[in-house]
Structures are given as C-alpha cells and as structure tokens.
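This is entry_8.txt. It holds compact mmCIF, C-alpha atoms.
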```txt
# COMPACT_ATOMS: atom_id res chain seq x y z
CA MET A 1 6.63 4.54 -38.50
CA SER A 2 2.92 4.11 -37.89
CA LEU A 3 1.10 0.90 -38.66
CA THR A 4 -2.56 0.82 -39.60
CA LEU A 5 -4.40 -2.41 -38.94
CA THR A 6 -7.63 -3.28 -40.69
CA SER A 7 -10.17 -5.52 -39.02
CA PRO A 8 -10.54 -8.90 -40.75
CA ARG A 9 -13.98 -10.16 -41.67
CA THR A 10 -15.58 -11.88 -38.69
CA PHE A 11 -15.32 -15.64 -38.91
CA LEU A 12 -15.24 -17.53 -35.62
CA PRO A 13 -15.49 -15.41 -32.43
CA TYR A 14 -13.03 -15.93 -29.60
CA GLY A 15 -15.96 -16.69 -27.36
CA ARG A 16 -19.70 -16.26 -27.31
CA GLN A 17 -21.65 -16.48 -24.06
CA HIS A 18 -25.11 -18.04 -23.95
CA ILE A 19 -27.68 -15.74 -22.32
CA SER A 20 -31.23 -16.97 -21.75
CA ASP A 21 -34.41 -15.12 -20.83
CA ALA A 22 -34.04 -16.60 -17.34
CA ASP A 23 -30.58 -15.03 -17.07
CA VAL A 24 -31.99 -11.62 -18.01
CA GLU A 25 -34.80 -12.00 -15.49
CA ALA A 26 -32.34 -12.96 -12.75
CA VAL A 27 -30.23 -9.85 -13.40
CA VAL A 28 -33.30 -7.59 -13.49
CA THR A 29 -34.47 -9.04 -10.18
CA ALA A 30 -31.06 -8.30 -8.65
CA LEU A 31 -31.15 -4.74 -10.00
CA LYS A 32 -34.54 -4.19 -8.38
CA SER A 33 -33.46 -5.68 -5.05
CA ASP A 34 -32.02 -3.91 -2.02
CA PHE A 35 -28.51 -5.20 -2.77
CA LEU A 36 -26.38 -4.58 -5.84
CA THR A 37 -23.36 -5.94 -3.96
CA GLN A 38 -22.53 -7.69 -0.66
CA GLY A 39 -26.04 -9.17 -0.60
CA PRO A 40 -27.65 -12.63 -0.50
CA ALA A 41 -26.96 -13.51 -4.15
CA ILE A 42 -23.27 -14.02 -3.35
CA GLU A 43 -23.90 -16.93 -0.98
CA GLN A 44 -26.51 -18.35 -3.36
CA PHE A 45 -23.92 -18.42 -6.13
CA GLU A 46 -21.28 -19.93 -3.86
CA ARG A 47 -23.69 -22.70 -2.84
CA ALA A 48 -24.55 -23.44 -6.47
CA VAL A 49 -20.90 -23.78 -7.49
CA ALA A 50 -20.08 -25.79 -4.37
CA GLN A 51 -22.94 -28.20 -5.06
CA ALA A 52 -21.82 -28.67 -8.68
CA THR A 53 -18.18 -29.32 -7.76
CA GLY A 54 -18.56 -31.17 -4.48
CA ALA A 55 -16.62 -28.46 -2.66
CA ARG A 56 -16.92 -28.09 1.10
CA GLN A 57 -16.12 -24.37 1.01
CA MET A 58 -16.56 -21.95 -1.91
CA VAL A 59 -15.51 -18.29 -1.92
CA ALA A 60 -16.64 -16.09 -4.82
CA CYS A 61 -14.47 -13.21 -5.99
CA SER A 62 -14.09 -10.73 -8.83
CA SER A 63 -12.13 -12.83 -11.36
CA GLY A 64 -10.13 -15.99 -11.91
CA THR A 65 -6.97 -13.88 -11.59
CA ALA A 66 -8.19 -12.59 -8.22
CA ALA A 67 -8.91 -16.20 -7.19
CA LEU A 68 -5.31 -17.22 -7.90
CA HIS A 69 -3.93 -14.12 -6.16
CA LEU A 70 -6.09 -14.74 -3.08
CA ALA A 71 -4.90 -18.35 -3.02
CA MET A 72 -1.27 -17.22 -2.85
CA LEU A 73 -2.08 -14.73 -0.10
CA ALA A 74 -4.08 -17.25 1.94
CA LEU A 75 -1.21 -19.74 1.81
CA ASP A 76 1.24 -17.00 2.85
CA ILE A 77 3.41 -17.37 -0.24
CA LYS A 78 5.97 -14.58 0.03
CA PRO A 79 9.30 -13.22 -1.27
CA GLY A 80 11.96 -15.93 -1.21
CA ASP A 81 9.41 -18.66 -1.97
CA VAL A 82 9.13 -20.44 -5.31
CA VAL A 83 5.94 -21.66 -6.99
CA VAL A 84 5.88 -24.13 -9.88
CA THR A 85 3.42 -23.85 -12.76
CA THR A 86 3.27 -24.60 -16.46
CA PRO A 87 4.24 -22.13 -19.22
CA ASN A 88 1.29 -23.38 -21.31
CA THR A 89 -1.45 -21.25 -19.76
CA PHE A 90 -2.83 -17.73 -19.43
CA VAL A 91 -0.50 -15.20 -17.78
CA ALA A 92 -2.49 -15.16 -14.52
CA SER A 93 -1.23 -18.63 -13.51
CA ALA A 94 2.25 -17.18 -13.12
CA ASN A 95 1.41 -13.53 -12.42
CA CYS A 96 -0.37 -14.44 -9.18
CA VAL A 97 2.98 -15.66 -7.87
CA ARG A 98 4.73 -12.43 -8.81
CA TYR A 99 1.97 -10.38 -7.16
CA VAL A 100 3.14 -11.70 -3.77
CA GLY A 101 6.84 -11.27 -4.58
CA ALA A 102 7.62 -14.98 -4.99
CA GLU A 103 9.48 -16.55 -7.90
CA VAL A 104 7.97 -18.63 -10.69
CA LYS A 105 9.54 -21.93 -11.76
CA PHE A 106 8.16 -23.39 -14.98
CA CYS A 107 7.65 -27.11 -15.42
CA ASP A 108 7.24 -28.42 -18.95
CA ILE A 109 4.13 -30.05 -20.35
CA ASP A 110 3.29 -33.31 -21.99
CA PRO A 111 3.11 -32.23 -25.67
CA ASN A 112 0.35 -34.75 -26.36
CA THR A 113 -2.07 -33.32 -23.78
CA GLY A 114 -0.83 -29.79 -23.07
CA LEU A 115 -0.90 -30.63 -19.35
CA ILE A 116 1.89 -30.33 -16.79
CA ASP A 117 4.00 -33.50 -16.87
CA PRO A 118 4.35 -35.23 -13.44
CA ASN A 119 7.67 -36.77 -14.50
CA ASN A 120 9.08 -33.35 -15.29
CA LEU A 121 7.60 -32.05 -12.03
CA ALA A 122 9.40 -34.77 -10.09
CA THR A 123 12.69 -33.62 -11.64
CA VAL A 124 11.97 -29.98 -10.78
CA LEU A 125 11.23 -30.89 -7.16
CA GLU A 126 14.32 -33.10 -6.85
CA LYS A 127 16.51 -30.14 -7.83
CA ASP A 128 14.93 -27.98 -5.09
CA ARG A 129 17.28 -29.21 -2.38
CA HIS A 130 16.60 -26.22 -0.09
CA HIS A 131 12.82 -26.68 -0.35
CA LYS A 132 12.09 -23.18 -1.58
CA ILE A 133 9.18 -24.51 -3.64
CA LYS A 134 6.12 -23.90 -1.48
CA ALA A 135 3.29 -24.50 -3.96
CA ILE A 136 2.45 -26.06 -7.32
CA ILE A 137 -0.17 -24.65 -9.70
CA PRO A 138 -1.16 -27.34 -12.21
CA VAL A 139 -3.45 -26.04 -14.97
CA HIS A 140 -6.35 -28.09 -16.31
CA PHE A 141 -5.55 -26.81 -19.78
CA ALA A 142 -8.49 -26.50 -22.17
CA GLY A 143 -10.68 -28.22 -19.58
CA GLN A 144 -8.91 -31.59 -19.31
CA PRO A 145 -8.01 -32.54 -15.74
CA ALA A 146 -4.30 -32.73 -15.03
CA GLN A 147 -2.95 -35.76 -13.16
CA LEU A 148 -3.88 -34.31 -9.78
CA SER A 149 -3.33 -37.49 -7.79
CA ALA A 150 0.27 -37.87 -8.96
CA ILE A 151 0.92 -34.14 -8.58
CA SER A 152 -0.52 -34.15 -5.07
CA GLU A 153 1.64 -37.11 -4.04
CA LEU A 154 4.78 -35.33 -5.27
CA ALA A 155 3.77 -32.08 -3.57
CA ARG A 156 3.01 -33.72 -0.22
CA ALA A 157 6.37 -35.49 -0.22
CA HIS A 158 8.05 -32.14 -0.85
CA GLY A 159 5.98 -30.20 1.70
CA ALA A 160 4.29 -28.03 -0.93
CA TYR A 161 0.69 -26.93 -1.45
CA VAL A 162 -1.34 -27.71 -4.57
CA VAL A 163 -3.49 -24.94 -6.08
CA ASP A 164 -5.09 -26.26 -9.24
CA ASP A 165 -6.01 -23.66 -11.86
CA ALA A 166 -9.44 -24.84 -13.00
CA CYS A 167 -10.38 -21.67 -14.86
CA HIS A 168 -10.94 -23.86 -17.96
CA ALA A 169 -12.36 -26.85 -16.15
CA LEU A 170 -15.64 -26.18 -14.35
CA GLY A 171 -17.66 -29.38 -14.76
CA ALA A 172 -14.66 -31.62 -15.49
CA GLN A 173 -14.14 -34.92 -13.65
CA TYR A 174 -11.56 -37.67 -13.31
CA THR A 175 -11.41 -41.20 -11.96
CA GLU A 176 -8.74 -42.38 -9.54
CA HIS A 177 -8.72 -45.89 -8.04
CA ARG A 178 -12.27 -46.43 -9.33
CA ARG A 179 -13.50 -43.36 -7.50
CA ASN A 180 -14.94 -40.42 -9.39
CA HIS A 181 -13.71 -36.92 -8.48
CA ARG A 182 -15.04 -33.57 -9.59
CA ILE A 183 -12.61 -30.74 -10.25
CA GLY A 184 -13.01 -28.46 -7.25
CA ASP A 185 -13.78 -31.14 -4.65
CA ASN A 186 -10.17 -30.74 -3.43
CA SER A 187 -9.54 -34.46 -3.10
CA HIS A 188 -6.00 -33.86 -4.37
CA SER A 189 -5.48 -30.12 -3.89
CA ASP A 190 -5.58 -27.48 -1.16
CA LEU A 191 -7.31 -24.83 -3.24
CA THR A 192 -8.96 -24.70 -6.67
CA ALA A 193 -9.42 -21.51 -8.70
CA PHE A 194 -12.31 -20.96 -11.13
CA SER A 195 -13.17 -18.26 -13.66
CA PHE A 196 -16.53 -17.02 -14.94
CA HIS A 197 -15.30 -14.93 -17.86
CA PRO A 198 -17.69 -15.01 -20.87
CA VAL A 199 -15.59 -17.63 -22.71
CA LYS A 200 -16.10 -20.07 -19.83
CA HIS A 201 -18.90 -22.58 -19.17
CA VAL A 202 -20.67 -20.23 -16.77
CA ALA A 203 -20.45 -16.50 -17.43
CA THR A 204 -20.91 -13.67 -14.95
CA GLY A 205 -19.20 -11.00 -17.09
CA GLU A 206 -16.13 -11.10 -14.86
CA GLY A 207 -15.91 -13.31 -11.81
CA GLY A 208 -14.07 -16.08 -10.04
CA ALA A 209 -14.20 -18.45 -7.08
CA ILE A 210 -11.92 -20.56 -4.91
CA SER A 211 -12.84 -23.90 -3.39
CA THR A 212 -11.19 -25.57 -0.41
CA SER A 213 -11.97 -28.23 2.17
CA ASP A 214 -10.28 -26.17 4.91
CA PRO A 215 -12.72 -23.82 6.72
CA LEU A 216 -9.83 -21.76 8.13
CA LEU A 217 -8.49 -21.15 4.63
CA ALA A 218 -11.99 -20.21 3.50
CA ASP A 219 -12.30 -17.65 6.30
CA ARG A 220 -8.92 -16.25 5.35
CA LEU A 221 -9.97 -15.96 1.70
CA ARG A 222 -13.18 -14.14 2.63
CA GLN A 223 -11.25 -11.70 4.78
CA LEU A 224 -8.65 -10.99 2.08
CA ARG A 225 -11.24 -10.49 -0.68
CA SER A 226 -12.79 -7.61 1.29
CA HIS A 227 -9.94 -5.31 2.35
CA GLY A 228 -8.74 -7.60 5.15
CA ILE A 229 -11.74 -6.60 7.26
CA VAL A 230 -13.17 -8.80 10.03
CA LYS A 231 -16.37 -8.36 12.05
CA ARG A 232 -15.95 -11.31 14.41
CA GLU A 233 -13.20 -12.60 16.68
CA LEU A 234 -12.33 -8.94 17.24
CA GLN A 235 -9.11 -7.87 18.90
CA GLN A 236 -10.84 -4.95 20.67
CA ALA A 237 -14.30 -6.38 21.15
CA GLU A 238 -15.14 -3.85 23.88
CA MET A 239 -15.18 -1.12 21.23
CA ALA A 240 -17.90 -2.97 19.31
CA ILE A 241 -20.27 -2.85 22.30
CA SER A 242 -22.14 0.31 23.27
CA SER A 243 -22.50 1.56 26.84
CA ARG A 244 -25.90 -0.16 26.88
CA GLY A 245 -24.34 -3.49 25.91
CA GLU A 246 -25.60 -3.43 22.33
CA LEU A 247 -23.51 -4.58 19.37
CA ASN A 248 -22.42 -1.76 17.08
CA PRO A 249 -23.19 -3.08 13.56
CA TRP A 250 -20.83 -0.54 11.99
CA TYR A 251 -17.74 -1.62 13.92
CA TYR A 252 -15.08 -3.64 12.14
CA GLU A 253 -11.34 -4.19 12.27
CA MET A 254 -8.81 -4.41 9.47
CA THR A 255 -6.30 -6.92 10.74
CA ASP A 256 -4.48 -7.51 7.47
CA LEU A 257 -3.94 -5.82 4.12
CA GLY A 258 -6.62 -7.17 1.83
CA TYR A 259 -8.14 -6.25 -1.52
CA ASN A 260 -11.47 -5.28 -3.02
CA TYR A 261 -11.97 -8.56 -4.86
CA ARG A 262 -15.70 -8.87 -4.20
CA LEU A 263 -18.24 -10.14 -6.72
CA THR A 264 -21.42 -8.07 -7.12
CA ASP A 265 -24.95 -9.38 -6.58
CA ILE A 266 -25.73 -8.52 -10.21
CA GLN A 267 -22.97 -10.87 -11.39
CA ALA A 268 -23.83 -13.50 -8.80
CA ALA A 269 -27.50 -13.52 -9.82
CA LEU A 270 -26.46 -14.12 -13.43
CA GLY A 271 -24.12 -16.87 -12.22
CA VAL A 272 -26.85 -18.64 -10.23
CA SER A 273 -29.04 -18.73 -13.34
CA GLN A 274 -26.17 -19.87 -15.57
CA MET A 275 -25.22 -22.67 -13.16
CA THR A 276 -28.53 -24.39 -13.93
CA ARG A 277 -27.15 -25.00 -17.46
CA LEU A 278 -23.65 -26.17 -16.54
CA VAL A 279 -24.24 -29.81 -17.50
CA TRP A 280 -25.79 -28.71 -20.80
CA SER A 281 -22.87 -26.35 -21.46
CA VAL A 282 -20.27 -29.09 -20.93
CA GLU A 283 -22.23 -31.48 -23.15
CA GLN A 284 -22.42 -28.86 -25.92
CA ARG A 285 -18.69 -28.22 -25.73
CA ASN A 286 -17.94 -31.92 -25.95
CA ARG A 287 -20.19 -32.21 -28.99
CA ILE A 288 -18.46 -29.29 -30.72
CA ALA A 289 -14.99 -30.62 -29.81
CA ALA A 290 -15.88 -34.02 -31.26
CA LYS A 291 -16.90 -32.34 -34.52
CA TYR A 292 -13.61 -30.45 -34.70
CA ALA A 293 -11.66 -33.65 -34.02
CA GLN A 294 -13.55 -35.42 -36.81
CA LEU A 295 -12.94 -32.64 -39.34
CA LEU A 296 -9.28 -32.20 -38.40
CA SER A 297 -8.72 -35.94 -38.75
CA ALA A 298 -10.39 -35.95 -42.16
CA GLY A 299 -8.62 -32.87 -43.46
CA PHE A 300 -5.06 -33.12 -42.15
CA ASP A 301 -2.25 -35.64 -41.80
CA ASP A 302 -1.96 -36.34 -38.06
CA ARG A 303 1.79 -35.89 -38.29
CA HIS A 304 1.14 -32.17 -38.78
CA VAL A 305 -2.22 -31.33 -37.19
CA ARG A 306 -4.00 -33.32 -34.51
CA PRO A 307 -6.18 -32.56 -31.49
CA LEU A 308 -4.70 -32.83 -28.04
CA GLU A 309 -4.99 -36.32 -26.61
CA VAL A 310 -7.65 -37.02 -24.00
CA SER A 311 -6.95 -39.45 -21.17
CA ASP A 312 -9.24 -42.44 -20.71
CA HIS A 313 -9.99 -41.67 -17.06
CA VAL A 314 -11.28 -38.10 -17.45
CA SER A 315 -14.48 -36.31 -18.32
CA HIS A 316 -13.29 -33.34 -20.38
CA ALA A 317 -14.89 -29.92 -19.90
CA TYR A 318 -13.52 -28.28 -23.08
```
Exercise: express the given structure as structure tokens:
Amino acid sequence: MSLTLTSPRTFLPYGRQHISDADVEAVVTALKSDFLTQGPAIEQFERAVAQATGARQMVACSSGTAALHLAMLALDIKPGDVVVTTPNTFVASANCVRYVGAEVKFCDIDPNTGLIDPNNLATVLEKDRHHKIKAIIPVHFAGQPAQLSAISELARAHGAYVVDDACHALGAQYTEHRRNHRIGDNSHSDLTAFSFHPVKHVATGEGGAISTSDPLLADRLRQLRSHGIVKRELQQAEMAISSRGELNPWYYEMTDLGYNYRLTDIQAALGVSQMTRLVWSVEQRNRIAAKYAQLLSAGFDDRHVRPLEVSDHVSHAY
C-alpha cells in the first residue's frame, strides 16, 4: 500500500538562520581567496570560538557528529568499553559510541529539566563493578548546562572521561562555588563538542568543533580529522629531507587511520562573521523563550503543559 503525504501549510519553521550582509561579504572574500579549504580561515574561526568559550584548545571539524566521533577516537574508546549518555538527545550523542565499537549505557534524565540526573548516574556507575564505563557524555539539552561539576566528580572517582555534548549550548554559562564557567572552558570536562548547524546560535551550514585544555588531545584531534596524517615528529624524518638538506613540503606520514572531517574556509569565514553576533543570538533566544513561557503559562494548566525548569545558577543558551 502506498501512502501519499501532503505538505502542511508552513507555520513555524524548525530553524531559521540569521544571515547578515557582513556574513555574505565574508563568504565572498573566502571564495575569492587562494584557499577554499585548509587555509587561514580555519584557525581564525577556532580562535574566535576559543575566545568566546574560554577554551585553551579548539579544533574545528565538519559537524557536531564528527566532533563527538573524534572525541571518542582521541580518548581511545574501543570495543569492550562502555560510554554513558542520556536517551533525551539527538542520535549522534549515542551513535558516536557505536562508531568506535563501544557499547552505550543510557542514564535517565531529570524530567523537570530534561538533563542527565547525577543521582541516576551515580547508580549507573555503582553497578559498573568491572569499570567498563570509560566515558560519560552529558548533554546540555536545549542549551541549559547540565550539572557538570557533580558529573565530573562522579566520573573522576570512577576513572572515566567526561565529554560534554554542547551542540545546543554555545554561549551558555554556569556558576559553581561563586565562580563563573563558560561551557567549553573544560573546567569540569575533558572535551566539549559543539555544532554549527543552521538551527544553532552560530551557523556555518554544517560544522563542528571540540574544545579541550589538553594540548596532546588537541594534536590528536587535528591528526584524526585529516586522515590521520602528520607532518611533524616524523617516524622517517630522513625521507622528508632532500639530498641538499632541504625540507620536502610534500612529505607526510599517515600514522593512524583518520577521517576527512575538515571544515572548509568558506564555512569558517561564515563562522567568524557569525561569532561576532553570538551574544546577541543568545539574548534573542532568551527573549523568545521567555515569551513562550509566558504564553504557555497563560494558556495551559501547568499540570499538563509547562516549560522545562531552569536552574538558578545557569545562564541558558536556548
């Protein structure tokens, strides 16, 4: 039996990116430059995101999904390992674990916030008597920071990494012990994954990034995002030097199996321009969310319909 679906009248779009004249000019400039990919715009974008998040190291890549996958690879998560995440998220939060052959263990959420529940996480970890759980992927669902401090404390005691999925949460912040933390500064995580899909605060078409405070992890991420290729610390350095003692710029070594997860300069140029409006974007989203909360409260009994709760100690990115 065939089923014919008719398109409903457009009401509210799933997402609508904001593109300015400056964004268009930035992309045109990149198109007219010498580099459409693997050029200077990549590092410019990484610096812009690092500055906004307080990250020590930022590695741009082709998508938020790629960011999560690279994180699993960089941490050497492998078959036989287990990674904990929440079922209340996009499929990539769990799929990245399956990409490397590891198993996914779901931890339930707090129904009032939609965020992974540290109390439930503690129970999950207690049951892992053989310490197969190697990493935890908390999701900052809808842009509200999860309880990273509590999650990090549980993970450290168990010997597990923390990779927070911040694909919803660029620009979000939280306060812990009177100290303000930006999502992506890795105060309570080893790696943080971001997305720049058009429904996000900053849009590059497709795109992602990973932040870390560990320079060795950052180097590993950069290697894995580009086929596993290295051009320094070579194993056969003599082959990179000509008979006249000159460096061969075309020589490289592939020391590991990597992926083509690079971001293009066209996307990065758009991202650099968009990053100048991150604060504005978060403010606009908060304004719109407040309007929805007001209308939902006025139109529905809160026993049946209510917005997700927002913690007192967070700055929500929506």
Per-residue nearest contacts of stretch 159-277 of chain A to stretch 309-318 of chain A (9 Å; all atoms listed in the file) as a Markdown table:
```
| residue | atom | partner | partner_atom | distance |
| --- | --- | --- | --- | --- |
| A:His168 | CA | A:Tyr318 | CA | 7.2 |
| A:Ala169 | CA | A:Ala317 | CA | 5.5 |
| A:Leu170 | CA | A:Ala317 | CA | 6.7 |
| A:Gly171 | CA | A:Ala317 | CA | 5.9 |
| A:Ala172 | CA | A:Ala317 | CA | 4.7 |
| A:Gln173 | CA | A:Ser315 | CA | 4.9 |
| A:Tyr174 | CA | A:Val314 | CA | 4.2 |
| A:Thr175 | CA | A:His313 | CA | 5.3 |
| A:Glu176 | CA | A:His313 | CA | 7.7 |
| A:His201 | CA | A:Ala317 | CA | 8.4 |
```
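Nearest residue to A:Thr53 among A:Ser242, A:Gln38, A:Ser281, A:Thr212 is A:Thr212, counting all atoms listed in the file.
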TODO: Within 8 Å of stretch 252-257 of chain A, counting all atoms listed in the file, which residues show up once you throw out same-chain ones fewer than 3 positions away? Write them as number ranges by chain, please.
DONE: A: 224, 227-231, 234-235, 240
- [ ] With a distance cut-off of 6 Å and all atoms listed in the file, select the neighbouring residues of stretch 92-102 of chain A, excluding the residue or stretch itself and same-chain residues fewer than 2 positions from it, and output the selection as a PyMOL selection string.
- [x] chain A and resi 65+68-69+78-82+90
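The closest residue to A:Met239, picked from A:Ile116, A:Gly64, A:Tyr251, A:Gly15 and counting only C-alpha atoms, is A:Tyr251.
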